[in-house]
Amino acid sequence: MKLAARVSTLLVPALLATLPAAAEHQDKVTRIGFLWGSSPSATRELAEAFRQGLSELGYAEGRRIVFEPRYAEGKFERFPDLAAELVRIKVDFIVAGSVPAAQAAKQATASIPIIMVGVGEAVETGLIASLARPGGNVTGSTFFYAELSAKRLELLKQVVPGLARIAVLWNSANAAKAPDWRETQKAARTLNVTVQSREVRGPSDFERVFAAMARERPDALLLLGDPLTFLQRRQIAEFAARSRLPAMYDHRSYVEAGGLIAYGANIREAYRRAPAYVERILKGAKPGDLPVEQPTNVELVINLKTAKALDFTIPSSLLLRADHVIE
């Protein structure tokens, strides 16, 4: 009994000494920085998908989880300053939704975990060493947009009989889009169609490009999407409608904004799944040891209302394959 009392006497002060540290850990606020390429309104649904993923894991934005969003508003040259600001305020994570955002974050910090979400060509652009072992402080999910280029052109040919000339709208300031453009050119040669590069680098370039396409009258429009074009998705859809131009996009948000057809991975699902990386890192995992995810399914989305306005008949075989049809 005396020995037990002696041990108890020694242990109680030691246990009490650990309580402030434990309480501090429980009260710790996890600050999650976001580097968005577009605007608050354009990214609202993606942020909500991220919140949903946190909630499913038992976390909630509020007292212990705080978001620190920063918006480039389509001006990618702002990313380095925005990333540096997130590092200065000592966020615990940086979520990046594009290659330029992730590159800026990686340049700004080698210690804060960076979670990329649905970025294109993460290996080719040097963000990670490999999908299985990304290394460094970057992990997350990557989409292989370029590999789907041939399929998008095939689908466009099914929709537009006699398709010969396609205007390709893309952001040449985004390093991930160059491989996409190269694969599109390769697929066009195979399918015996001509593609015309229509490049933008900022929000002010769209009217110029729209005017060039209006003069040249291509048979269709193919979009190589990224945050800049996402920010302008309604303007792009409205231009296509005014010009009676059938257009192919790389994910459903463009079709929901009035576009004709989209074929690509589900970006909202990628944001819903991204908090799993936050949880694993909070539990001690190293970002560079966490394999990078790829999309498990690709969805075909068709807007029949837009098709009717354009006086295009979508083949029944395509409608039967569609994952979502907007009527």
# chains A, B, ... in the order shown; residues from 1 in each chain; ligands from 1
call {"tool": "residues_around", "arguments": {"residues": "region 75-83 of chain A", "least_positions_apart": "5", "cutoff": "9 Å", "atoms": "only C-alpha atoms", "output": "ChimeraX atom specification"}}
result
/A:33-38,70,88,94,100-109,173-174,201-203,228
call {"tool": "select_by_dssp", "arguments": {"residues": "region 123-297 of chain A", "states": "helix (DSSP H, G or I)", "output": "ChimeraX atom specification"}}
result
/A:146-159,177-191,203-216,227-231,233-242,252-256,267-273,275-282,287-289
call {"tool": "atom_distance", "arguments": {"atom1": "CA of Leu300 (chain A)", "atom2": "CA of Ala240 (chain A)"}}
result
19.2 Å
call {"tool": "closest_residue", "arguments": {"among": "A:Phe93, A:Phe312, A:Phe239, A:Phe230", "to": "Ile261 (chain A)", "atoms": "only C-alpha atoms"}}
result
A:Phe312
call {"tool": "residues_around", "arguments": {"residues": "Ala276 (chain A)", "least_positions_apart": "3", "cutoff": "9 Å", "atoms": "only C-alpha atoms", "output": "number ranges by chain"}}
result
A: 53-54, 57, 272-273, 279-281
call {"tool": "decode", "arguments": {"residues": "region 34-70 of chain A", "atoms": "N, CA and C atoms", "output": "PDB file, in the first residue's frame"}}
result
ATOM      1  N   PHE A  34      -6.923  27.801 -49.211  1.00  0.00           N
ATOM      2  CA  PHE A  34      -7.336  27.409 -50.558  1.00  0.00           C
ATOM      3  C   PHE A  34      -6.754  28.395 -51.555  1.00  0.00           C
ATOM      4  N   LEU A  35      -6.153  27.887 -52.604  1.00  0.00           N
ATOM      5  CA  LEU A  35      -5.702  28.714 -53.716  1.00  0.00           C
ATOM      6  C   LEU A  35      -6.647  28.465 -54.885  1.00  0.00           C
ATOM      7  N   TRP A  36      -7.633  29.345 -55.029  1.00  0.00           N
ATOM      8  CA  TRP A  36      -8.614  29.216 -56.105  1.00  0.00           C
ATOM      9  C   TRP A  36      -8.171  30.057 -57.298  1.00  0.00           C
ATOM     10  N   GLY A  37      -8.314  29.499 -58.485  1.00  0.00           N
ATOM     11  CA  GLY A  37      -7.953  30.250 -59.683  1.00  0.00           C
ATOM     12  C   GLY A  37      -9.040  31.189 -60.144  1.00  0.00           C
ATOM     13  N   SER A  38     -10.266  30.983 -59.660  1.00  0.00           N
ATOM     14  CA  SER A  38     -11.375  31.810 -60.123  1.00  0.00           C
ATOM     15  C   SER A  38     -11.941  32.643 -58.977  1.00  0.00           C
ATOM     16  N   SER A  39     -13.260  32.718 -58.831  1.00  0.00           N
ATOM     17  CA  SER A  39     -13.881  33.645 -57.896  1.00  0.00           C
ATOM     18  C   SER A  39     -14.675  32.901 -56.819  1.00  0.00           C
ATOM     19  N   PRO A  40     -15.120  33.615 -55.766  1.00  0.00           N
ATOM     20  CA  PRO A  40     -15.933  32.955 -54.735  1.00  0.00           C
ATOM     21  C   PRO A  40     -17.206  32.330 -55.286  1.00  0.00           C
ATOM     22  N   SER A  41     -17.900  33.030 -56.185  1.00  0.00           N
ATOM     23  CA  SER A  41     -19.147  32.480 -56.723  1.00  0.00           C
ATOM     24  C   SER A  41     -18.884  31.270 -57.618  1.00  0.00           C
ATOM     25  N   ALA A  42     -17.795  31.300 -58.378  1.00  0.00           N
ATOM     26  CA  ALA A  42     -17.496  30.201 -59.298  1.00  0.00           C
ATOM     27  C   ALA A  42     -17.067  28.933 -58.566  1.00  0.00           C
ATOM     28  N   THR A  43     -16.528  29.089 -57.361  1.00  0.00           N
ATOM     29  CA  THR A  43     -16.008  27.928 -56.636  1.00  0.00           C
ATOM     30  C   THR A  43     -16.898  27.507 -55.467  1.00  0.00           C
ATOM     31  N   ARG A  44     -18.067  28.128 -55.343  1.00  0.00           N
ATOM     32  CA  ARG A  44     -18.924  27.862 -54.183  1.00  0.00           C
ATOM     33  C   ARG A  44     -19.279  26.368 -54.064  1.00  0.00           C
ATOM     34  N   GLU A  45     -19.665  25.756 -55.170  1.00  0.00           N
ATOM     35  CA  GLU A  45     -20.076  24.348 -55.123  1.00  0.00           C
ATOM     36  C   GLU A  45     -18.906  23.431 -54.791  1.00  0.00           C
ATOM     37  N   LEU A  46     -17.712  23.777 -55.257  1.00  0.00           N
ATOM     38  CA  LEU A  46     -16.542  22.951 -54.956  1.00  0.00           C
ATOM     39  C   LEU A  46     -16.169  23.065 -53.481  1.00  0.00           C
ATOM     40  N   ALA A  47     -16.253  24.280 -52.943  1.00  0.00           N
ATOM     41  CA  ALA A  47     -15.993  24.467 -51.515  1.00  0.00           C
ATOM     42  C   ALA A  47     -17.018  23.710 -50.681  1.00  0.00           C
ATOM     43  N   GLU A  48     -18.263  23.700 -51.137  1.00  0.00           N
ATOM     44  CA  GLU A  48     -19.314  22.974 -50.422  1.00  0.00           C
ATOM     45  C   GLU A  48     -19.059  21.469 -50.474  1.00  0.00           C
ATOM     46  N   ALA A  49     -18.559  20.973 -51.592  1.00  0.00           N
ATOM     47  CA  ALA A  49     -18.219  19.548 -51.689  1.00  0.00           C
ATOM     48  C   ALA A  49     -17.105  19.195 -50.707  1.00  0.00           C
ATOM     49  N   PHE A  50     -16.131  20.095 -50.549  1.00  0.00           N
ATOM     50  CA  PHE A  50     -15.050  19.886 -49.584  1.00  0.00           C
ATOM     51  C   PHE A  50     -15.618  19.851 -48.164  1.00  0.00           C
ATOM     52  N   ARG A  51     -16.522  20.786 -47.852  1.00  0.00           N
ATOM     53  CA  ARG A  51     -17.168  20.808 -46.534  1.00  0.00           C
ATOM     54  C   ARG A  51     -17.933  19.501 -46.285  1.00  0.00           C
ATOM     55  N   GLN A  52     -18.604  19.014 -47.315  1.00  0.00           N
ATOM     56  CA  GLN A  52     -19.345  17.765 -47.175  1.00  0.00           C
ATOM     57  C   GLN A  52     -18.403  16.621 -46.829  1.00  0.00           C
ATOM     58  N   GLY A  53     -17.252  16.572 -47.509  1.00  0.00           N
ATOM     59  CA  GLY A  53     -16.272  15.532 -47.218  1.00  0.00           C
ATOM     60  C   GLY A  53     -15.751  15.622 -45.801  1.00  0.00           C
ATOM     61  N   LEU A  54     -15.509  16.833 -45.315  1.00  0.00           N
ATOM     62  CA  LEU A  54     -15.086  17.015 -43.926  1.00  0.00           C
ATOM     63  C   LEU A  54     -16.156  16.507 -42.965  1.00  0.00           C
ATOM     64  N   SER A  55     -17.402  16.860 -43.254  1.00  0.00           N
ATOM     65  CA  SER A  55     -18.514  16.455 -42.387  1.00  0.00           C
ATOM     66  C   SER A  55     -18.637  14.942 -42.325  1.00  0.00           C
ATOM     67  N   GLU A  56     -18.458  14.281 -43.455  1.00  0.00           N
ATOM     68  CA  GLU A  56     -18.556  12.816 -43.487  1.00  0.00           C
ATOM     69  C   GLU A  56     -17.476  12.153 -42.649  1.00  0.00           C
ATOM     70  N   LEU A  57     -16.374  12.866 -42.442  1.00  0.00           N
ATOM     71  CA  LEU A  57     -15.276  12.346 -41.617  1.00  0.00           C
ATOM     72  C   LEU A  57     -15.383  12.787 -40.163  1.00  0.00           C
ATOM     73  N   GLY A  58     -16.438  13.528 -39.843  1.00  0.00           N
ATOM     74  CA  GLY A  58     -16.644  13.959 -38.464  1.00  0.00           C
ATOM     75  C   GLY A  58     -16.059  15.313 -38.136  1.00  0.00           C
ATOM     76  N   TYR A  59     -15.644  16.065 -39.164  1.00  0.00           N
ATOM     77  CA  TYR A  59     -15.117  17.399 -38.955  1.00  0.00           C
ATOM     78  C   TYR A  59     -16.132  18.417 -39.460  1.00  0.00           C
ATOM     79  N   ALA A  60     -16.053  19.627 -38.962  1.00  0.00           N
ATOM     80  CA  ALA A  60     -16.934  20.680 -39.439  1.00  0.00           C
ATOM     81  C   ALA A  60     -16.195  22.002 -39.420  1.00  0.00           C
ATOM     82  N   GLU A  61     -16.416  22.798 -40.456  1.00  0.00           N
ATOM     83  CA  GLU A  61     -15.822  24.129 -40.483  1.00  0.00           C
ATOM     84  C   GLU A  61     -16.428  24.951 -39.348  1.00  0.00           C
ATOM     85  N   GLY A  62     -15.590  25.656 -38.635  1.00  0.00           N
ATOM     86  CA  GLY A  62     -16.084  26.433 -37.501  1.00  0.00           C
ATOM     87  C   GLY A  62     -14.964  26.718 -36.526  1.00  0.00           C
ATOM     88  N   ARG A  63     -15.149  26.296 -35.268  1.00  0.00           N
ATOM     89  CA  ARG A  63     -14.191  26.646 -34.224  1.00  0.00           C
ATOM     90  C   ARG A  63     -12.846  25.967 -34.408  1.00  0.00           C
ATOM     91  N   ARG A  64     -12.858  24.695 -34.834  1.00  0.00           N
ATOM     92  CA  ARG A  64     -11.602  23.951 -34.923  1.00  0.00           C
ATOM     93  C   ARG A  64     -11.095  23.754 -36.348  1.00  0.00           C
ATOM     94  N   ILE A  65     -11.950  23.995 -37.340  1.00  0.00           N
ATOM     95  CA  ILE A  65     -11.541  23.964 -38.742  1.00  0.00           C
ATOM     96  C   ILE A  65     -11.874  25.326 -39.341  1.00  0.00           C
ATOM     97  N   VAL A  66     -10.865  26.016 -39.847  1.00  0.00           N
ATOM     98  CA  VAL A  66     -11.061  27.348 -40.413  1.00  0.00           C
ATOM     99  C   VAL A  66     -10.543  27.361 -41.847  1.00  0.00           C
ATOM    100  N   PHE A  67     -11.346  27.898 -42.758  1.00  0.00           N
ATOM    101  CA  PHE A  67     -10.933  28.033 -44.155  1.00  0.00           C
ATOM    102  C   PHE A  67     -10.303  29.406 -44.375  1.00  0.00           C
ATOM    103  N   GLU A  68      -9.242  29.417 -45.171  1.00  0.00           N
ATOM    104  CA  GLU A  68      -8.579  30.663 -45.563  1.00  0.00           C
ATOM    105  C   GLU A  68      -8.512  30.686 -47.094  1.00  0.00           C
ATOM    106  N   PRO A  69      -9.595  31.075 -47.768  1.00  0.00           N
ATOM    107  CA  PRO A  69      -9.589  31.079 -49.241  1.00  0.00           C
ATOM    108  C   PRO A  69      -8.895  32.303 -49.824  1.00  0.00           C
ATOM    109  N   ARG A  70      -8.193  32.101 -50.925  1.00  0.00           N
ATOM    110  CA  ARG A  70      -7.583  33.187 -51.677  1.00  0.00           C
ATOM    111  C   ARG A  70      -7.932  32.975 -53.155  1.00  0.00           C
TER     112      ARG A  70
END
